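Engineer: Before anything else, here's the structure in question.
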Amino acid sequence: MDAWTWLGFATGVSTAAELARKAEAGAVPLDLRSPEAFAAGHIPGAVNVTAKEVLADPAAVQARVRKEVPEARAVTLYLAGGREADLYRAAFALEGEVRLAIFLFPAGFSAWKAEGRPVYSTE
């Protein structure tokens with residue numbers, strides 16, 4: 001049993017290619033970084049909700065995801081990379097509130113970029 005399954009989540013996402021496949025299957029990338037970092041570059045199709053917002057009101061996060069992506073069946077949480085404790089805290093906060101499968105991408109946005117994946121910017 002891997003750590004993510006032991007912690008109660010659907011699975012961990014270990015590569016950017018795997019995250020892309022999850023997104024194609026309906027898992028919305030949920031970018032937990034700051035709005036400034038998101039604007040500078042993010043995974044295509046991502047919704048930006050900070051980790052602080054998730055911890056403060058996970059039900060509002062679900063409502064926002066449903067509003068922005070009504071067909072969402074799952075979310076894949078990510079940060080910049082290397083802040084797994086923050087990622088797990090956000091996932092635990094969401095777990096009891098959302099009716100979506102939760103996947104975790106601990107390698108984060110830095111791994112997405114390093115693998116040469118497309119990056120969207122709103123700047």
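Naming scheme: A, B, ... for chains in displayed order of the structure tokens; residues 1 onward per chain; ligands 1 onward as shown.
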List the spatial neighbours of Asp31 of chain A as a ChimeraX atom specification - criterion: any atom at most 10 Å away, only C-alpha atoms, same-chain residues fewer than 5 positions off excluded.
Structural biologist: /A:37-38,42-43,45-51,75-80,108-109
Engineer: Write the residues you've just listed into a file as a PDB file, in the first residue's frame, and include N, CA and C atoms for each of them.
Structural biologist:
```pdb
ATOM      1  N   ALA A  37       1.705  33.658  -8.359  1.00  0.00           N
ATOM      2  CA  ALA A  37       2.415  32.523  -8.956  1.00  0.00           C
ATOM      3  C   ALA A  37       1.562  31.886 -10.045  1.00  0.00           C
ATOM      4  N   PHE A  38       0.263  31.758  -9.791  1.00  0.00           N
ATOM      5  CA  PHE A  38      -0.667  31.192 -10.770  1.00  0.00           C
ATOM      6  C   PHE A  38      -0.675  32.044 -12.038  1.00  0.00           C
ATOM      7  N   HIS A  42       0.812  28.417 -15.009  1.00  0.00           N
ATOM      8  CA  HIS A  42       0.112  27.313 -14.348  1.00  0.00           C
ATOM      9  C   HIS A  42      -0.202  26.205 -15.346  1.00  0.00           C
ATOM     10  N   ILE A  43      -0.616  25.090 -14.828  1.00  0.00           N
ATOM     11  CA  ILE A  43      -0.994  23.940 -15.637  1.00  0.00           C
ATOM     12  C   ILE A  43      -2.298  24.275 -16.366  1.00  0.00           C
ATOM     13  N   GLY A  45      -5.902  24.422 -17.663  1.00  0.00           N
ATOM     14  CA  GLY A  45      -7.147  23.947 -17.071  1.00  0.00           C
ATOM     15  C   GLY A  45      -7.208  24.039 -15.562  1.00  0.00           C
ATOM     16  N   ALA A  46      -6.135  24.526 -14.936  1.00  0.00           N
ATOM     17  CA  ALA A  46      -6.084  24.583 -13.474  1.00  0.00           C
ATOM     18  C   ALA A  46      -7.007  25.663 -12.923  1.00  0.00           C
ATOM     19  N   VAL A  47      -7.516  25.401 -11.739  1.00  0.00           N
ATOM     20  CA  VAL A  47      -8.279  26.372 -10.955  1.00  0.00           C
ATOM     21  C   VAL A  47      -7.375  26.788  -9.805  1.00  0.00           C
ATOM     22  N   ASN A  48      -7.276  28.087  -9.567  1.00  0.00           N
ATOM     23  CA  ASN A  48      -6.404  28.586  -8.507  1.00  0.00           C
ATOM     24  C   ASN A  48      -7.194  28.862  -7.237  1.00  0.00           C
ATOM     25  N   VAL A  49      -6.871  28.121  -6.204  1.00  0.00           N
ATOM     26  CA  VAL A  49      -7.415  28.325  -4.863  1.00  0.00           C
ATOM     27  C   VAL A  49      -6.234  28.120  -3.929  1.00  0.00           C
ATOM     28  N   THR A  50      -5.910  29.096  -3.122  1.00  0.00           N
ATOM     29  CA  THR A  50      -4.729  28.956  -2.278  1.00  0.00           C
ATOM     30  C   THR A  50      -4.952  27.904  -1.189  1.00  0.00           C
ATOM     31  N   ALA A  51      -3.852  27.364  -0.703  1.00  0.00           N
ATOM     32  CA  ALA A  51      -3.938  26.397   0.396  1.00  0.00           C
ATOM     33  C   ALA A  51      -4.626  27.027   1.602  1.00  0.00           C
ATOM     34  N   VAL A  75     -10.223  16.152  -8.419  1.00  0.00           N
ATOM     35  CA  VAL A  75      -9.244  17.243  -8.413  1.00  0.00           C
ATOM     36  C   VAL A  75      -7.864  16.644  -8.143  1.00  0.00           C
ATOM     37  N   THR A  76      -6.859  17.266  -8.740  1.00  0.00           N
ATOM     38  CA  THR A  76      -5.473  16.909  -8.457  1.00  0.00           C
ATOM     39  C   THR A  76      -4.824  18.133  -7.833  1.00  0.00           C
ATOM     40  N   LEU A  77      -4.459  18.034  -6.570  1.00  0.00           N
ATOM     41  CA  LEU A  77      -3.872  19.154  -5.845  1.00  0.00           C
ATOM     42  C   LEU A  77      -2.375  19.251  -6.126  1.00  0.00           C
ATOM     43  N   TYR A  78      -1.910  20.489  -6.345  1.00  0.00           N
ATOM     44  CA  TYR A  78      -0.467  20.687  -6.485  1.00  0.00           C
ATOM     45  C   TYR A  78      -0.060  22.056  -5.976  1.00  0.00           C
ATOM     46  N   LEU A  79       1.198  22.141  -5.584  1.00  0.00           N
ATOM     47  CA  LEU A  79       1.860  23.389  -5.187  1.00  0.00           C
ATOM     48  C   LEU A  79       3.054  23.572  -6.124  1.00  0.00           C
ATOM     49  N   ALA A  80       4.033  24.338  -5.701  1.00  0.00           N
ATOM     50  CA  ALA A  80       5.228  24.532  -6.524  1.00  0.00           C
ATOM     51  C   ALA A  80       6.074  23.265  -6.550  1.00  0.00           C
ATOM     52  N   GLY A 108       4.709  18.742  -7.971  1.00  0.00           N
ATOM     53  CA  GLY A 108       4.266  20.105  -8.191  1.00  0.00           C
ATOM     54  C   GLY A 108       4.572  20.723  -9.543  1.00  0.00           C
ATOM     55  N   PHE A 109       4.305  22.029  -9.589  1.00  0.00           N
ATOM     56  CA  PHE A 109       4.436  22.786 -10.822  1.00  0.00           C
ATOM     57  C   PHE A 109       5.857  22.760 -11.366  1.00  0.00           C
TER      58      PHE A 109
END
```
Engineer: Can you list, as a PyMOL selection string, every protein, DNA or RNA residue that comes within 9 Å of Val13 of chain A when you count only C-alpha atoms, leaving out same-chain residues fewer than 3 positions away?
Structural biologist: chain A and resi 16+18-19+22+76+103-107
Engineer: Can you pull out every residue from segment 16-64 of chain A that DSSP, working from the backbone, puts in helix (DSSP H, G or I), and format the result as an MDAnalysis selection string?
Structural biologist: chainID A and resid 16:24 35:40 51:56 58:64
Engineer: Could you take the residues named above and write them with N, CA and C atoms, as a PDB file, in the first residue's frame?
Structural biologist:
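Written out: result03.pdb:
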```pdb
ATOM      1  N   ALA A  16       4.278  14.319 -14.436  1.00  0.00           N
ATOM      2  CA  ALA A  16       3.451  15.279 -15.160  1.00  0.00           C
ATOM      3  C   ALA A  16       2.603  14.566 -16.214  1.00  0.00           C
ATOM      4  N   ALA A  17       3.149  13.535 -16.820  1.00  0.00           N
ATOM      5  CA  ALA A  17       2.383  12.777 -17.820  1.00  0.00           C
ATOM      6  C   ALA A  17       1.156  12.138 -17.185  1.00  0.00           C
ATOM      7  N   GLU A  18       1.320  11.623 -15.983  1.00  0.00           N
ATOM      8  CA  GLU A  18       0.195  11.024 -15.271  1.00  0.00           C
ATOM      9  C   GLU A  18      -0.841  12.089 -14.907  1.00  0.00           C
ATOM     10  N   LEU A  19      -0.379  13.258 -14.490  1.00  0.00           N
ATOM     11  CA  LEU A  19      -1.300  14.352 -14.190  1.00  0.00           C
ATOM     12  C   LEU A  19      -2.078  14.742 -15.448  1.00  0.00           C
ATOM     13  N   ALA A  20      -1.405  14.818 -16.589  1.00  0.00           N
ATOM     14  CA  ALA A  20      -2.068  15.159 -17.849  1.00  0.00           C
ATOM     15  C   ALA A  20      -3.142  14.129 -18.193  1.00  0.00           C
ATOM     16  N   ARG A  21      -2.853  12.848 -17.979  1.00  0.00           N
ATOM     17  CA  ARG A  21      -3.861  11.800 -18.235  1.00  0.00           C
ATOM     18  C   ARG A  21      -5.059  11.946 -17.306  1.00  0.00           C
ATOM     19  N   LYS A  22      -4.790  12.254 -16.035  1.00  0.00           N
ATOM     20  CA  LYS A  22      -5.886  12.464 -15.080  1.00  0.00           C
ATOM     21  C   LYS A  22      -6.749  13.649 -15.513  1.00  0.00           C
ATOM     22  N   ALA A  23      -6.095  14.723 -15.962  1.00  0.00           N
ATOM     23  CA  ALA A  23      -6.841  15.909 -16.410  1.00  0.00           C
ATOM     24  C   ALA A  23      -7.707  15.575 -17.622  1.00  0.00           C
ATOM     25  N   GLU A  24      -7.166  14.808 -18.555  1.00  0.00           N
ATOM     26  CA  GLU A  24      -7.946  14.407 -19.728  1.00  0.00           C
ATOM     27  C   GLU A  24      -9.147  13.552 -19.336  1.00  0.00           C
ATOM     28  N   PRO A  35      -2.066  33.628  -6.002  1.00  0.00           N
ATOM     29  CA  PRO A  35      -2.591  34.141  -7.271  1.00  0.00           C
ATOM     30  C   PRO A  35      -1.490  34.701  -8.174  1.00  0.00           C
ATOM     31  N   GLU A  36      -0.459  35.303  -7.584  1.00  0.00           N
ATOM     32  CA  GLU A  36       0.643  35.845  -8.372  1.00  0.00           C
ATOM     33  C   GLU A  36       1.425  34.728  -9.078  1.00  0.00           C
ATOM     34  N   ALA A  37       1.705  33.658  -8.359  1.00  0.00           N
ATOM     35  CA  ALA A  37       2.415  32.523  -8.956  1.00  0.00           C
ATOM     36  C   ALA A  37       1.562  31.886 -10.045  1.00  0.00           C
ATOM     37  N   PHE A  38       0.263  31.758  -9.791  1.00  0.00           N
ATOM     38  CA  PHE A  38      -0.667  31.192 -10.770  1.00  0.00           C
ATOM     39  C   PHE A  38      -0.675  32.044 -12.038  1.00  0.00           C
ATOM     40  N   ALA A  39      -0.761  33.370 -11.887  1.00  0.00           N
ATOM     41  CA  ALA A  39      -0.799  34.266 -13.035  1.00  0.00           C
ATOM     42  C   ALA A  39       0.479  34.172 -13.865  1.00  0.00           C
ATOM     43  N   ALA A  40       1.598  33.963 -13.194  1.00  0.00           N
ATOM     44  CA  ALA A  40       2.886  33.878 -13.893  1.00  0.00           C
ATOM     45  C   ALA A  40       3.005  32.600 -14.714  1.00  0.00           C
ATOM     46  N   ALA A  51      -3.852  27.364  -0.703  1.00  0.00           N
ATOM     47  CA  ALA A  51      -3.938  26.397   0.396  1.00  0.00           C
ATOM     48  C   ALA A  51      -4.626  27.027   1.602  1.00  0.00           C
ATOM     49  N   LYS A  52      -4.369  28.308   1.839  1.00  0.00           N
ATOM     50  CA  LYS A  52      -5.003  29.020   2.954  1.00  0.00           C
ATOM     51  C   LYS A  52      -6.526  29.046   2.789  1.00  0.00           C
ATOM     52  N   GLU A  53      -6.996  29.287   1.565  1.00  0.00           N
ATOM     53  CA  GLU A  53      -8.443  29.277   1.307  1.00  0.00           C
ATOM     54  C   GLU A  53      -9.046  27.901   1.545  1.00  0.00           C
ATOM     55  N   VAL A  54      -8.325  26.871   1.129  1.00  0.00           N
ATOM     56  CA  VAL A  54      -8.802  25.501   1.335  1.00  0.00           C
ATOM     57  C   VAL A  54      -8.964  25.218   2.821  1.00  0.00           C
ATOM     58  N   LEU A  55      -7.967  25.590   3.598  1.00  0.00           N
ATOM     59  CA  LEU A  55      -8.019  25.326   5.040  1.00  0.00           C
ATOM     60  C   LEU A  55      -9.125  26.133   5.720  1.00  0.00           C
ATOM     61  N   ALA A  56      -9.383  27.343   5.231  1.00  0.00           N
ATOM     62  CA  ALA A  56     -10.383  28.208   5.847  1.00  0.00           C
ATOM     63  C   ALA A  56     -11.809  27.774   5.525  1.00  0.00           C
ATOM     64  N   PRO A  58     -13.239  24.721   3.044  1.00  0.00           N
ATOM     65  CA  PRO A  58     -13.188  23.712   1.987  1.00  0.00           C
ATOM     66  C   PRO A  58     -14.497  23.577   1.207  1.00  0.00           C
ATOM     67  N   ALA A  59     -15.636  23.812   1.839  1.00  0.00           N
ATOM     68  CA  ALA A  59     -16.915  23.726   1.124  1.00  0.00           C
ATOM     69  C   ALA A  59     -17.006  24.801   0.042  1.00  0.00           C
ATOM     70  N   ALA A  60     -16.486  25.996   0.319  1.00  0.00           N
ATOM     71  CA  ALA A  60     -16.486  27.063  -0.680  1.00  0.00           C
ATOM     72  C   ALA A  60     -15.577  26.701  -1.858  1.00  0.00           C
ATOM     73  N   VAL A  61     -14.515  25.970  -1.576  1.00  0.00           N
ATOM     74  CA  VAL A  61     -13.618  25.532  -2.643  1.00  0.00           C
ATOM     75  C   VAL A  61     -14.350  24.582  -3.576  1.00  0.00           C
ATOM     76  N   GLN A  62     -15.081  23.631  -3.005  1.00  0.00           N
ATOM     77  CA  GLN A  62     -15.852  22.715  -3.844  1.00  0.00           C
ATOM     78  C   GLN A  62     -16.842  23.493  -4.707  1.00  0.00           C
ATOM     79  N   ALA A  63     -17.535  24.448  -4.117  1.00  0.00           N
ATOM     80  CA  ALA A  63     -18.509  25.244  -4.871  1.00  0.00           C
ATOM     81  C   ALA A  63     -17.824  25.985  -6.023  1.00  0.00           C
ATOM     82  N   ARG A  64     -16.653  26.519  -5.760  1.00  0.00           N
ATOM     83  CA  ARG A  64     -15.922  27.247  -6.797  1.00  0.00           C
ATOM     84  C   ARG A  64     -15.486  26.321  -7.925  1.00  0.00           C
TER      85      ARG A  64
END
```
Engineer: List every residue of segment 69-98 of chain A that DSSP, applied to the backbone of this structure, assigns to strand (DSSP E), and report them as a PyMOL selection string.
Structural biologist: chain A and resi 74-78
Engineer: Only N, CA and C atoms, please: the residues just picked out, written as a tab-separated table (two decimals), in the first residue's frame.
Structural biologist:
```
chain	number	residue	atom	x	y	z
A	74	ALA	N	-13.10	14.94	-10.24
A	74	ALA	CA	-11.95	14.75	-9.36
A	74	ALA	C	-11.10	16.01	-9.41
A	75	VAL	N	-10.22	16.15	-8.42
A	75	VAL	CA	-9.24	17.24	-8.41
A	75	VAL	C	-7.86	16.64	-8.14
A	76	THR	N	-6.86	17.27	-8.74
A	76	THR	CA	-5.47	16.91	-8.46
A	76	THR	C	-4.82	18.13	-7.83
A	77	LEU	N	-4.46	18.03	-6.57
A	77	LEU	CA	-3.87	19.15	-5.84
A	77	LEU	C	-2.37	19.25	-6.13
A	78	TYR	N	-1.91	20.49	-6.34
A	78	TYR	CA	-0.47	20.69	-6.48
A	78	TYR	C	-0.06	22.06	-5.98
```
Engineer: What's the separation between atom CA of Val28 of chain A and atom CA of Val69 of chain A, in Å to one decimal place?
Structural biologist: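 For atom CA of Val28 of chain A relative to atom CA of Val69 of chain A, the distance reads 7.8 Å.
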Engineer: So which one's closest to Ala90 of chain A, A:Pro44, A:Ser34, A:Ile102, A:Glu68? Using only C-alpha atoms, please.
Structural biologist: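 Closest to Ala90 of chain A, using only C-alpha atoms: A:Ile102.
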